[in-house]
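Visitor: For reference, the structure I am asking about is given below.
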4 protein chains.
Amino acid sequence: MRVGVLTGGGDCPGLNAVIRAVVRKGVQDHQYEFTGFRDGWRGPLTGAAVPLDIPAVRGILPRGGTVLGSSRTNPFKERDGVRRIRENLAALGVDALIAIGGEDTLGVAARLWEQHGIPCVGVPKTIDNDLAATDYTFGFDTAVNIATEAIDRLHTTAESHMRVLVVEVMGRHAGWIALHSGLAGGANVILIPERRFDLDEVCGWVTSRFRASYAPIVVVAEGAMPVDGDLVLKDASAGLDSFGHVRLSGVGEWLAKEIERRTGKESRTTVLGHIQRGGTPSAFDRWLATRFGLHAIAAVREGEFGRMVALRGTEIVRVPLAEATACLKTVPAERYEEVRVLFG
Amino acid sequence: MRVGVLTGGGDCPGLNAVIRAVVRKGVQDHQYEFTGFRDGWRGPLTGAAVPLDIPAVRGILPRGGTVLGSSRTNPFKERDGVRRIRENLAALGVDALIAIGGEDTLGVAARLWEQHGIPCVGVPKTIDNDLAATDYTFGFDTAVNIATEAIDRLHTTAESHMRVLVVEVMGRHAGWIALHSGLAGGANVILIPERRFDLDEVCGWVTSRFRASYAPIVVVAEGAMPVDGDLVLKDASAGLDSFGHVRLSGVGEWLAKEIERRTGKESRTTVLGHIQRGGTPSAFDRWLATRFGLHAIAAVREGEFGRMVALRGTEIVRVPLAEATACLKTVPAERYEEVRVLFG
Amino acid sequence: MRVGVLTGGGDCPGLNAVIRAVVRKGVQDHQYEFTGFRDGWRGPLTGAAVPLDIPAVRGILPRGGTVLGSSRTNPFKERDGVRRIRENLAALGVDALIAIGGEDTLGVAARLWEQHGIPCVGVPKTIDNDLAATDYTFGFDTAVNIATEAIDRLHTTAESHMRVLVVEVMGRHAGWIALHSGLAGGANVILIPERRFDLDEVCGWVTSRFRASYAPIVVVAEGAMPVDGDLVLKDASAGLDSFGHVRLSGVGEWLAKEIERRTGKESRTTVLGHIQRGGTPSAFDRWLATRFGLHAIAAVREGEFGRMVALRGTEIVRVPLAEATACLKTVPAERYEEVRVLFG
Amino acid sequence: MRVGVLTGGGDCPGLNAVIRAVVRKGVQDHQYEFTGFRDGWRGPLTGAAVPLDIPAVRGILPRGGTVLGSSRTNPFKERDGVRRIRENLAALGVDALIAIGGEDTLGVAARLWEQHGIPCVGVPKTIDNDLAATDYTFGFDTAVNIATEAIDRLHTTAESHMRVLVVEVMGRHAGWIALHSGLAGGANVILIPERRFDLDEVCGWVTSRFRASYAPIVVVAEGAMPVDGDLVLKDASAGLDSFGHVRLSGVGEWLAKEIERRTGKESRTTVLGHIQRGGTPSAFDRWLATRFGLHAIAAVREGEFGRMVALRGTEIVRVPLAEATACLKTVPAERYEEVRVLFG
């Protein structure tokens, strides 16, 4: 049995931990052999591959990034994509594929299995935590830790200078990073894409915080929007990069300027950007990524293709890939309401 | 409505986050007033109390420890304990109690409600993660992060000097910290109290690791025991301290000596000790502790006494206090088996 | 003897450590009394002051920010500034002043002593490390650590996606943070204000790095400029804020766009911003700030006014305030040359 | 020109940073070739060597440990040691040696050059910071940071439970780590080997701290001793391991027991041990180690053998190896006196 492994989409701490667990368990328990495909689906498409054995995965557990590289290549958008993948798998003797990625990468895996019978198992990955069917994805806890540490640091500057500090965190469609890091960092306002914000209300919280002789921290997800009309941001034209990361969106900067204009309080922005998605994974993410890897091999072993491993409580379960990629997991209204008492 | 709050048992990052959330929500949403009892159950027993309002909880979210102090006082072991508590609550006008603590602290709360009708709500706390009825307790993630960072650091020394490094972590009866930090830190052997270890097998893993030209890290919970007879540790007579922490137990040191004697490989021990239970909580623990606090107030509001807030997946639920303290949550055999492939 | 203490200028980790050391030593060794002036020179100017005693400085050593607040008020730009200060000092019974701050704050202290005989001792503070006459200022090591951790994280994303990552760090006139964090983080290009950069050369380093199959990190100080003409940055009109921090200057973003345009390699920017100047100080900065505080009291005790404490090697010395604020300490050409071999 | 490189003695964060800088500069500026000797002086003695080129040093800057391995082998204690080294250097075509290590490793280098004309340049390394002739050695700042973070964490537990916490840090003969981390961590007592401590005085500080309603942290270097007679520690017989690290010495544990016995206050010990010498180096240590490496190549280039690079203020200078290893740099009495006002 030879298993192919690939990592697709944006960077995410824990990818290497999955690869290591997959190879360790596959080789030691089942004598599988492994082929690492380069740069996401580009690997199977072009045949770019490296051998993966136990020495190749030594020491990679704590390292961010992915030793296999990544891309956002979609074989369904390439001429003869599926045929070329099939030929390359055959040429390399690959019997099954483990695809580690987000919505897009796993969507490809779902179609390859369902429509073309190519045996795929999925491992969910997104720092945004917006994949349905799993309680958490690895990478998220690391991103929240990094954002929380940044908020901790900004508190002292806000207090010393009696300023408003706006922190823009990742999250174009889902506000999980903003919600968790804002809660953990003791932010005074948290703004998420799921709930349009009222600038007057935001300024009210800011002002009430100053009245209590404290300086406010506003955490805003990059995809948050005001209630009154869409924000036309200066860099919006730049659109998405080839990994789907939005370019500096500007909601944070726009917000700081508006708050300063309306409240008269000096306001500053910090855009955390890519430091949220690189570097060594947190202990939680290493644990989750490792367990995902071990269970992905179990699914291969049992021939359960077209499925994705997922976390439910403290158990790893398997769910249909199609279900997992059908819709985005956003912050429910009641979860946001739960913490509003902490604003202001 | 006046609510009393107390924190009992060993130190645990996140206690202050609970206190803050309780007070913020109680005051802002329900105009409750609060009394902070000093040093666990000693507070209600002796009437030692401080006022708790919003200014009193400003800035405490990221701080370890507890602003209320702690103790292991058990009112059921004191003369007239229940009567004195009842009188003090009446004198201070306290209508309900929120007890934040582990098995012992919550066990008292359960009896006070069930046998004496004193209205108590529980918030579970233990860095050991061994409380039944909740997926996780706050403090655990912080402890695992600290232990994992230590293991990360020890890897390089093990490799540079081709030594065995034994890391002893907390966990007298449950091996959760050892399991999670060992997994996250890439340990080569993980030993837990739930499963007696075979020294020959341990030495086999150590030797096989060296054969692959790598140096092993052994993570051992303080309560782990060898298969052949109980370990009589040199400090065992010292017993427990007044907070139930075991004194330097010596299993780590004993293990290093035995491994060195049997394999001929130089072996060293690090006992992490109290640094695992102090200092600023991780983002996960601040998030969990804050949500526990918010939901404890909701339980008080709804008059649901004799219950404890608990995490199930990503939801906060309520469970009977009696159920929660009935048995210890230990590492199930299959969870330990799951990761054994990573040993050696 | 009653000593006044004030902190001026931008936020900087270690300010509280100085305040604590000053008060601990002054009270315990010499029975001095202390007045804490609010918000830099605004305090002596308006009489806004708080008592400072040992309980007031408990627990502040590890905290960022300043318990006294800060501002950039310059009494020489206020009507009757010196007279008002003199009156307020007299009214409060303050016999000497310890001013903790950067070039501007200490420049005021120098003039107050030299031209008006008001007894001042200076403690140098700037995260930029650009104050002459001292080897280091506290706050700098913390800023370098934060920037280095960010660069560590960005490496993995650069590698995984084969992108250029540009990191903009603080430093309008001096490139110390860029130089030290770039060196420590293994950056492939470091650009500083002291040396205009040649975009062709930068692109050459970037390209050579990719040729070796690695992705480059470019660290750029916010004040760095290209050789061919000054950069007109989009926010330049915004100018300085009231603490002299430049607003998002845009050199990082500009550079990423130019590199992408010229090399065809996807490029991204991270602007670290205010997280470099907040939060808990590093061990080095706490040590330096504490020693500065202890020695400032010694200077007061010995009546050596008009002087500033400074670090020379491992010794704390005293230098004339006038000398310390006469010129900016920039990165010498040979220090920059020393590390150019590591570029590319 | 072919240059040999070796690392000797105990583990120390920054060794890899030196190796990388040496190779990068040697290859790129001077087209040198490099031989990496395995395990300290054992390498030249036995001929165990690996090629060192730029790919071999990629990515090692932030990693603790040493890619060359280490040992405490002393060729002057081996039969025909010098002759065998000379032969191996000749056989491998090695023209000069860069030895990175502490007192012992550099002492060998000094003798090899002075008595046998083997061209050696030294790079000082010790986490203890006890090497004369340099302001700091790399590894020290990392150790101090780790110890300080541990002390920060222990403060909250001490306060919550009103206990004495004793922290034992490294330092058999020199108290630099204890002094700096104790100062940075806000310890209430700091005990160093250079100054015998009076247990009554220690208990006095402890008691006075409790009187002020705070709980004390005592930082003790492993080599600290009481005034009245030498401590006979239970593991003293174990002596030194083959890297010269003392085994768990027990002064911390002894001290906690004595303090508890005399003051009646519950006391606990944490022995930080090997986590102080492993893992990623701090930004300061990476900067220092890199500059040491660059300057060591300059010394080789200029034929200045028998010398060691050293830090003086912010400059890297060269000093005779013999001078550097002649005596230990201990904490001067006045430096210890400087901070005693912060005790209690």
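Residue numbering restarts at 1 for every chain of the structure tokens, chains are lettered A, B, ... in their displayed order, and ligands are numbered from 1 as they appear.
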Using only C-alpha atoms, find the residues of chain B whose closest atom to chain A is at most 8 Å away, then write them as a PyMOL selection string.
Guide: chain B and resi 21+24-25+28-29+61-62+135+141+144-145+148+152+180-181+183-186+282-284+286-287+290+294+312-314+338+341-342
Visitor: So that I can check the surroundings of Pro13 in chain B, please list as an mmCIF file with C-alpha atoms, in the first residue's frame every protein, DNA and RNA residue that reaches within 8 Å of it, counting only C-alpha atoms and ignoring chain neighbours fewer than 6 positions away.
Guide:
data_model
loop_
_atom_site.group_PDB
_atom_site.id
_atom_site.type_symbol
_atom_site.label_atom_id
_atom_site.label_comp_id
_atom_site.auth_asym_id
_atom_site.auth_seq_id
_atom_site.Cartn_x
_atom_site.Cartn_y
_atom_site.Cartn_z
ATOM 1 C CA ARG B 63 -3.248 37.308 35.975
ATOM 2 C CA GLY B 64 -2.538 33.920 37.454
ATOM 3 C CA GLY B 65 -3.459 33.055 41.020
ATOM 4 C CA PHE B 138 -9.313 25.699 32.715
ATOM 5 C CA GLY B 139 -5.702 25.668 33.842
ATOM 6 C CA THR B 142 -1.791 26.417 30.371
ATOM 7 C CA ARG B 277 0.216 25.921 37.898
ATOM 8 C CA GLY B 278 1.115 29.586 38.071
ATOM 9 C CA GLY B 279 1.257 32.602 35.851
ATOM 10 C CA THR B 280 -0.867 34.014 33.086
ATOM 11 C CA PRO B 281 -3.472 31.639 31.601
ATOM 12 C CA ASP B 285 -8.058 28.918 29.481
#
Visitor: Got a sec to tell me which of range 118-206 of chain C DSSP assigns to helix (DSSP H, G or I), as number ranges by chain?
Guide: C: 140-161, 176-185, 199-206
Visitor: Got a sec: who's within 12 Å of range 43-50 of chain A, counting only C-alpha atoms, leaving out chain neighbours fewer than 3 positions off, as a ChimeraX atom specification?
Guide: /A:3-8,33-40,53,56,67-94,96-99,108-109,112,118
Visitor: Just to confirm, what's the straight-line distance from CA of Arg2 in chain C to CA of Ala132 in chain C in Å (one decimal)?
Guide: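 So the answer is 29.5 Å.
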Visitor: Report, in Å with one decimal, the straight-line distance from CA of Ile190 in chain B to CA of Pro216 in chain B.
Guide: 11.0 Å
Visitor: So that I can check the surroundings of Val169 in chain D, please list as an mmCIF file with N, CA and C atoms, in the first residue's frame every protein, DNA and RNA residue that reaches within 7 Å of it, counting only C-alpha atoms and ignoring chain neighbours fewer than 6 positions away.
Guide:
data_model
loop_
_atom_site.group_PDB
_atom_site.id
_atom_site.type_symbol
_atom_site.label_atom_id
_atom_site.label_comp_id
_atom_site.auth_asym_id
_atom_site.auth_seq_id
_atom_site.Cartn_x
_atom_site.Cartn_y
_atom_site.Cartn_z
ATOM 1 N N ILE D 177 23.311 34.052 36.963
ATOM 2 C CA ILE D 177 21.928 33.736 36.578
ATOM 3 C C ILE D 177 20.985 34.064 37.734
ATOM 4 N N ALA D 178 21.377 33.685 38.946
ATOM 5 C CA ALA D 178 20.541 33.988 40.112
ATOM 6 C C ALA D 178 20.364 35.493 40.270
ATOM 7 N N VAL D 220 17.930 30.908 44.476
ATOM 8 C CA VAL D 220 19.210 30.436 44.997
ATOM 9 C C VAL D 220 20.006 29.736 43.890
ATOM 10 N N ALA D 221 21.236 30.157 43.718
ATOM 11 C CA ALA D 221 22.130 29.485 42.776
ATOM 12 C C ALA D 221 22.506 28.124 43.348
ATOM 13 N N GLU D 222 22.663 27.143 42.475
ATOM 14 C CA GLU D 222 22.912 25.779 42.960
ATOM 15 C C GLU D 222 24.174 25.672 43.829
ATOM 16 N N VAL D 271 13.307 23.269 41.011
ATOM 17 C CA VAL D 271 14.673 23.188 40.498
ATOM 18 C C VAL D 271 14.588 23.282 38.981
ATOM 19 N N LEU D 272 15.030 24.389 38.412
ATOM 20 C CA LEU D 272 14.785 24.589 36.978
ATOM 21 C C LEU D 272 15.588 23.647 36.094
ATOM 22 N N GLY D 273 16.804 23.339 36.505
ATOM 23 C CA GLY D 273 17.593 22.334 35.805
ATOM 24 C C GLY D 273 17.835 22.638 34.336
#
Visitor: So that I can see what lies close to Gly344 in chain B, please list as a list of chain:residue names the residues with an atom at most 7 Å from it, counting only C-alpha atoms and leaving out residues fewer than 2 positions away in the same chain.
Guide: B:Asn188, B:Val189, B:Trp205, B:Val206, B:Ser208, B:Arg209, B:Leu342
Visitor: Identify, on the basis of only C-alpha atoms, every residue whose closest approach to range 191-198 of chain D does not exceed 7 Å; exclude the query and any residue fewer than 4 positions from it along the same chain; express the result as JSON, numbers by chain.
Guide: {"D": [172, 173, 174, 175, 178, 202, 219, 220, 221, 223, 224, 225, 226, 227, 330, 331]}
Visitor: List every residue of range 61-185 of chain B that DSSP, applied to the backbone, labels as strand (DSSP E), and write the result as a ChimeraX atom specification.
Guide: /B:96-101,120-124,164-169
Visitor: Store the residues picked out above in a file with N, CA, C and O atoms, as a short mmCIF file (atom, residue, chain, number, x, y, z; two decimals), in the first residue's frame.
Guide:
data_model
loop_
_atom_site.label_atom_id
_atom_site.label_comp_id
_atom_site.auth_asym_id
_atom_site.auth_seq_id
_atom_site.Cartn_x
_atom_site.Cartn_y
_atom_site.Cartn_z
N ALA B 96 -26.68 33.52 47.56
CA ALA B 96 -26.23 32.35 46.81
C ALA B 96 -24.72 32.35 46.74
O ALA B 96 -24.09 33.40 46.90
N LEU B 97 -24.16 31.17 46.52
CA LEU B 97 -22.70 31.04 46.50
C LEU B 97 -22.23 30.47 45.16
O LEU B 97 -22.83 29.50 44.66
N ILE B 98 -21.16 31.03 44.61
CA ILE B 98 -20.48 30.40 43.47
C ILE B 98 -19.15 29.89 43.98
O ILE B 98 -18.30 30.68 44.41
N ALA B 99 -18.98 28.57 43.93
CA ALA B 99 -17.76 27.94 44.43
C ALA B 99 -16.91 27.49 43.24
O ALA B 99 -17.37 26.71 42.41
N ILE B 100 -15.69 28.00 43.16
CA ILE B 100 -14.79 27.67 42.07
C ILE B 100 -13.71 26.76 42.63
O ILE B 100 -12.95 27.18 43.51
N GLY B 101 -13.64 25.52 42.17
CA GLY B 101 -12.63 24.64 42.74
C GLY B 101 -12.67 23.25 42.15
O GLY B 101 -13.39 22.99 41.18
N CYS B 120 -25.87 26.73 46.08
CA CYS B 120 -24.51 26.79 45.52
C CYS B 120 -24.52 26.46 44.04
O CYS B 120 -25.25 25.57 43.60
N VAL B 121 -23.67 27.16 43.28
CA VAL B 121 -23.36 26.80 41.89
C VAL B 121 -21.87 26.54 41.83
O VAL B 121 -21.08 27.27 42.45
N GLY B 122 -21.46 25.52 41.10
CA GLY B 122 -20.05 25.17 41.03
C GLY B 122 -19.39 25.54 39.71
O GLY B 122 -20.03 25.50 38.66
N VAL B 123 -18.11 25.89 39.78
CA VAL B 123 -17.30 26.09 38.57
C VAL B 123 -16.09 25.18 38.71
O VAL B 123 -15.33 25.31 39.67
N PRO B 124 -15.92 24.24 37.77
CA PRO B 124 -14.85 23.24 37.92
C PRO B 124 -13.48 23.81 37.61
O PRO B 124 -13.32 24.58 36.67
N VAL B 164 19.56 10.64 27.85
CA VAL B 164 18.15 10.47 28.14
C VAL B 164 17.70 11.62 29.04
O VAL B 164 18.35 11.89 30.05
N LEU B 165 16.63 12.30 28.69
CA LEU B 165 16.09 13.32 29.58
C LEU B 165 14.70 12.91 30.03
O LEU B 165 13.81 12.69 29.22
N VAL B 166 14.55 12.80 31.34
CA VAL B 166 13.27 12.43 31.95
C VAL B 166 12.60 13.70 32.47
O VAL B 166 13.24 14.48 33.18
N VAL B 167 11.37 13.95 32.07
CA VAL B 167 10.64 15.13 32.51
C VAL B 167 9.47 14.68 33.36
O VAL B 167 8.58 13.96 32.88
N GLU B 168 9.47 15.07 34.61
CA GLU B 168 8.34 14.71 35.48
C GLU B 168 7.33 15.84 35.52
O GLU B 168 7.66 16.98 35.87
N VAL B 169 6.09 15.53 35.14
CA VAL B 169 5.03 16.55 35.14
C VAL B 169 3.97 16.20 36.19
O VAL B 169 3.98 15.10 36.75
#
Visitor: Can you work out which one of A:Ala150, A:Ala298, A:Met308, A:Val251 has the shortest atom-to-atom distance to Val23 in chain A, counting only C-alpha atoms?
Guide: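 When distances to Val23 in chain A are compared using only C-alpha atoms, the smallest one comes from A:Ala298.
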Visitor: Find the residues around Arg307 in chain B up to 7 Å (only C-alpha atoms counted), leave out those fewer than 2 positions away in its own chain, and share them as a list in words.
Guide: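 The contact residues come out as Val121, Gly122, Glu304, Phe305, Val309, Arg318, Val319, Pro320 and Leu321 of chain B.
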Visitor: Using only C-alpha atoms, which residue out of B:Leu154, B:Leu15, B:Ile259, B:Val22 lies closest to Val300 in chain B?
Guide: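 Of B:Leu154, B:Leu15, B:Ile259, B:Val22, the one nearest Val300 in chain B, counting only C-alpha atoms, is B:Val22.
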